[in-house]
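**Q** This is structure-v8.pdb (PDB, C-alpha atoms, pLDDT in the B column).
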ATOM      1  CA  MET A   1      -0.180  -6.235  16.109  1.00 62.00           C
ATOM      2  CA  VAL A   2       1.520  -5.230  19.297  1.00 72.00           C
ATOM      3  CA  LYS A   3      -0.421  -4.509  22.486  1.00 74.00           C
ATOM      4  CA  ASP A   4       0.746  -2.389  25.382  1.00 75.00           C
ATOM      5  CA  ASP A   5       0.278  -3.155  29.098  1.00 80.00           C
ATOM      6  CA  PHE A   6      -3.346  -1.985  28.992  1.00 82.00           C
ATOM      7  CA  GLY A   7      -4.286  -4.149  25.982  1.00 78.00           C
ATOM      8  CA  ILE A   8      -4.407  -1.248  23.542  1.00 78.00           C
ATOM      9  CA  HIS A   9      -3.057  -1.904  20.054  1.00 75.00           C
ATOM     10  CA  VAL A  10       0.132   0.028  19.323  1.00 76.00           C
ATOM     11  CA  ILE A  11       1.523   0.990  15.925  1.00 74.00           C
ATOM     12  CA  TYR A  12       5.123   2.075  15.778  1.00 78.00           C
ATOM     13  CA  ASP A  13       6.047   5.512  14.452  1.00 77.00           C
ATOM     14  CA  ALA A  14       8.207   4.011  11.703  1.00 80.00           C
ATOM     15  CA  SER A  15       5.327   1.802  10.514  1.00 80.00           C
ATOM     16  CA  PHE A  16       2.942   4.740  10.552  1.00 83.00           C
ATOM     17  CA  GLU A  17       5.405   6.864   8.563  1.00 87.00           C
ATOM     18  CA  ASP A  18       5.894   4.041   6.028  1.00 89.00           C
ATOM     19  CA  MET A  19       2.117   3.829   5.633  1.00 88.00           C
ATOM     20  CA  ARG A  20       1.877   7.588   5.046  1.00 92.00           C
ATOM     21  CA  LEU A  21       4.660   7.478   2.432  1.00 94.00           C
ATOM     22  CA  MET A  22       2.974   4.554   0.666  1.00 92.00           C
ATOM     23  CA  GLU A  23      -0.341   6.434   0.589  1.00 92.00           C
ATOM     24  CA  GLN A  24       1.345   9.520  -0.858  1.00 95.00           C
ATOM     25  CA  GLU A  25       3.111   7.455  -3.524  1.00 95.00           C
ATOM     26  CA  ILE A  26      -0.126   5.719  -4.534  1.00 94.00           C
ATOM     27  CA  LEU A  27      -1.898   9.071  -4.673  1.00 93.00           C
ATOM     28  CA  LYS A  28       0.821  10.541  -6.920  1.00 94.00           C
ATOM     29  CA  ILE A  29       0.722   7.565  -9.284  1.00 93.00           C
ATOM     30  CA  CYS A  30      -3.073   7.615  -9.495  1.00 91.00           C
ATOM     31  CA  SER A  31      -3.116  11.390 -10.028  1.00 88.00           C
ATOM     32  CA  PHE A  32      -0.625  11.061 -12.879  1.00 89.00           C
ATOM     33  CA  TYR A  33      -2.727   8.472 -14.704  1.00 86.00           C
ATOM     34  CA  ILE A  34      -6.008  10.280 -13.998  1.00 84.00           C
ATOM     35  CA  ASN A  35      -4.605  13.484 -15.500  1.00 80.00           C
ATOM     36  CA  LYS A  36      -3.283  11.505 -18.454  1.00 81.00           C
ATOM     37  CA  ALA A  37      -6.644   9.811 -19.059  1.00 76.00           C
ATOM     38  CA  GLU A  38      -8.788  12.931 -18.846  1.00 74.00           C
ATOM     39  CA  PRO A  39      -9.019  15.213 -21.848  1.00 67.00           C
ATOM     40  CA  LEU A  40      -7.227  18.513 -21.799  1.00 63.00           C
ATOM     41  CA  LEU A  41      -9.804  20.613 -20.009  1.00 60.00           C
ATOM     42  CA  ASP A  42      -9.567  23.561 -17.718  1.00 61.00           C
ATOM     43  CA  ASN A  43      -8.965  22.531 -14.089  1.00 63.00           C
ATOM     44  CA  ASP A  44     -12.374  23.873 -13.066  1.00 60.00           C
ATOM     45  CA  LEU A  45     -14.106  21.740 -15.702  1.00 62.00           C
ATOM     46  CA  LYS A  46     -12.186  18.638 -14.585  1.00 59.00           C
ATOM     47  CA  ASN A  47     -13.499  19.070 -11.060  1.00 61.00           C
ATOM     48  CA  ILE A  48     -17.081  19.662 -12.226  1.00 63.00           C
ATOM     49  CA  TYR A  49     -17.231  16.957 -14.907  1.00 64.00           C
ATOM     50  CA  PRO A  50     -14.655  14.253 -14.128  1.00 65.00           C
ATOM     51  CA  CYS A  51     -14.249  11.697 -16.897  1.00 74.00           C
ATOM     52  CA  VAL A  52     -12.845   8.928 -14.712  1.00 79.00           C
ATOM     53  CA  ASP A  53     -13.999   7.478 -11.413  1.00 83.00           C
ATOM     54  CA  ARG A  54     -11.232   8.718  -9.131  1.00 84.00           C
ATOM     55  CA  LEU A  55     -12.431   6.883  -6.038  1.00 88.00           C
ATOM     56  CA  ARG A  56     -12.546   3.587  -7.953  1.00 91.00           C
ATOM     57  CA  ILE A  57      -8.993   4.057  -9.239  1.00 90.00           C
ATOM     58  CA  LEU A  58      -7.673   4.783  -5.738  1.00 90.00           C
ATOM     59  CA  GLU A  59      -9.598   1.838  -4.318  1.00 93.00           C
ATOM     60  CA  ASP A  60      -8.159  -0.497  -6.947  1.00 93.00           C
ATOM     61  CA  ALA A  61      -4.615   0.791  -6.420  1.00 93.00           C
ATOM     62  CA  ILE A  62      -4.818   0.325  -2.654  1.00 93.00           C
ATOM     63  CA  ARG A  63      -6.346  -3.159  -3.081  1.00 95.00           C
ATOM     64  CA  TYR A  64      -3.565  -4.183  -5.489  1.00 95.00           C
ATOM     65  CA  GLU A  65      -0.909  -2.819  -3.128  1.00 93.00           C
ATOM     66  CA  ASN A  66      -2.456  -4.802  -0.278  1.00 94.00           C
ATOM     67  CA  GLU A  67      -2.502  -8.003  -2.355  1.00 96.00           C
ATOM     68  CA  TYR A  68       1.122  -7.420  -3.360  1.00 95.00           C
ATOM     69  CA  LEU A  69       2.197  -7.016   0.261  1.00 93.00           C
ATOM     70  CA  GLU A  70       0.236 -10.119   1.331  1.00 95.00           C
ATOM     71  CA  HIS A  71       1.966 -12.212  -1.361  1.00 97.00           C
ATOM     72  CA  LYS A  72       5.314 -10.719  -0.380  1.00 95.00           C
ATOM     73  CA  LEU A  73       4.668 -11.722   3.241  1.00 94.00           C
ATOM     74  CA  ALA A  74       3.759 -15.258   2.164  1.00 96.00           C
ATOM     75  CA  LEU A  75       6.980 -15.513   0.135  1.00 96.00           C
ATOM     76  CA  ILE A  76       9.089 -14.275   3.032  1.00 94.00           C
ATOM     77  CA  SER A  77       7.401 -16.806   5.324  1.00 93.00           C
ATOM     78  CA  VAL A  78       8.349 -19.593   2.913  1.00 94.00           C
ATOM     79  CA  TYR A  79      11.944 -18.358   2.777  1.00 93.00           C
ATOM     80  CA  LEU A  80      12.113 -18.267   6.583  1.00 91.00           C
ATOM     81  CA  GLU A  81      10.703 -21.791   6.778  1.00 90.00           C
ATOM     82  CA  CYS A  82      13.357 -22.992   4.307  1.00 90.00           C
ATOM     83  CA  TYR A  83      16.060 -21.218   6.270  1.00 88.00           C
ATOM     84  CA  ASP A  84      14.903 -22.893   9.489  1.00 85.00           C
ATOM     85  CA  HIS A  85      15.182 -26.323   7.869  1.00 84.00           C
ATOM     86  CA  ILE A  86      18.612 -25.874   6.299  1.00 86.00           C
ATOM     87  CA  THR A  87      20.433 -24.317   9.240  1.00 75.00           C
ATOM     88  CA  ASP A  88      21.843 -26.322  12.113  1.00 71.00           C
ATOM     89  CA  ILE A  89      21.250 -25.010  15.619  1.00 71.00           C
ATOM     90  CA  LEU A  90      24.520 -26.482  16.917  1.00 70.00           C
ATOM     91  CA  GLU A  91      26.701 -24.679  14.363  1.00 65.00           C
TER
END
Would you write the structure of this file as structure tokens?

**A**
Amino acid sequence: MVKDDFGIHVIYDASFEDMRLMEQEILKICSFYINKAEPLLDNDLKNIYPCVDRLRILEDAIRYENEYLEHKLALISVYLECYDHITDILE
């Protein structure tokens, strides 16, 4: 995380926008599968008697996305370490 001159954590606009887009994409995917899993009921009945735990599905999707990004970061770190060892500073 980046800190400004006053020690306050700063998040860049591009990072914040990427986070918003990722949240929207996860929400769309979860909504698709929730609607597919629930029986064909009227929309009012779906909201009163949901058949699936929507909060649990969203929580799982966000947790899996977080794990994916952590593993991706670890892989990139390994690639950067390899690159540091195979390149010559004098060239």

**Q** Between CA of Cys30 (chain A) and CA of Glu65 (chain A), what is the distance in Å, rounded to a tenth?

**A** 12.4 Å

**Q** Interatomic distance between CA of Ile62 (chain A) and CA of Glu25 (chain A)?

**A**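 If I compute the distance from CA of Ile62 (chain A) to CA of Glu25 (chain A), I get 10.7 Å.
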
**Q** By how many Å are CA of Leu55 (chain A) and CA of Ile34 (chain A) apart?

**A** 10.8 Å

**Q** The centre and edge lengths of an axis-aligned box containing all atoms of region 70-74 of chain A present in the file, extended by 5 Å on each side, are to be given in Å to one decimal, as AutoDock Vina command-line options.

**A**
--center_x 2.8 --center_y -12.7 --center_z 0.9 --size_x 15.1 --size_y 15.1 --size_z 14.6

**Q** To verify the selection step, state as a list in words which residues the PyMOL selection byres ((chain A and resi 58) around 12) yields on this input.

**A**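 Selection result, ordered by chain and number: Glu23, Gln24, Glu25, Ile26, Leu27, Lys28, Ile29, Cys30, Ser31, Phe32, Tyr33, Ile34, Val52, Asp53, Arg54, Leu55, Arg56, Ile57, Glu59, Asp60, Ala61, Ile62, Arg63, Tyr64 and Glu65 of chain A.
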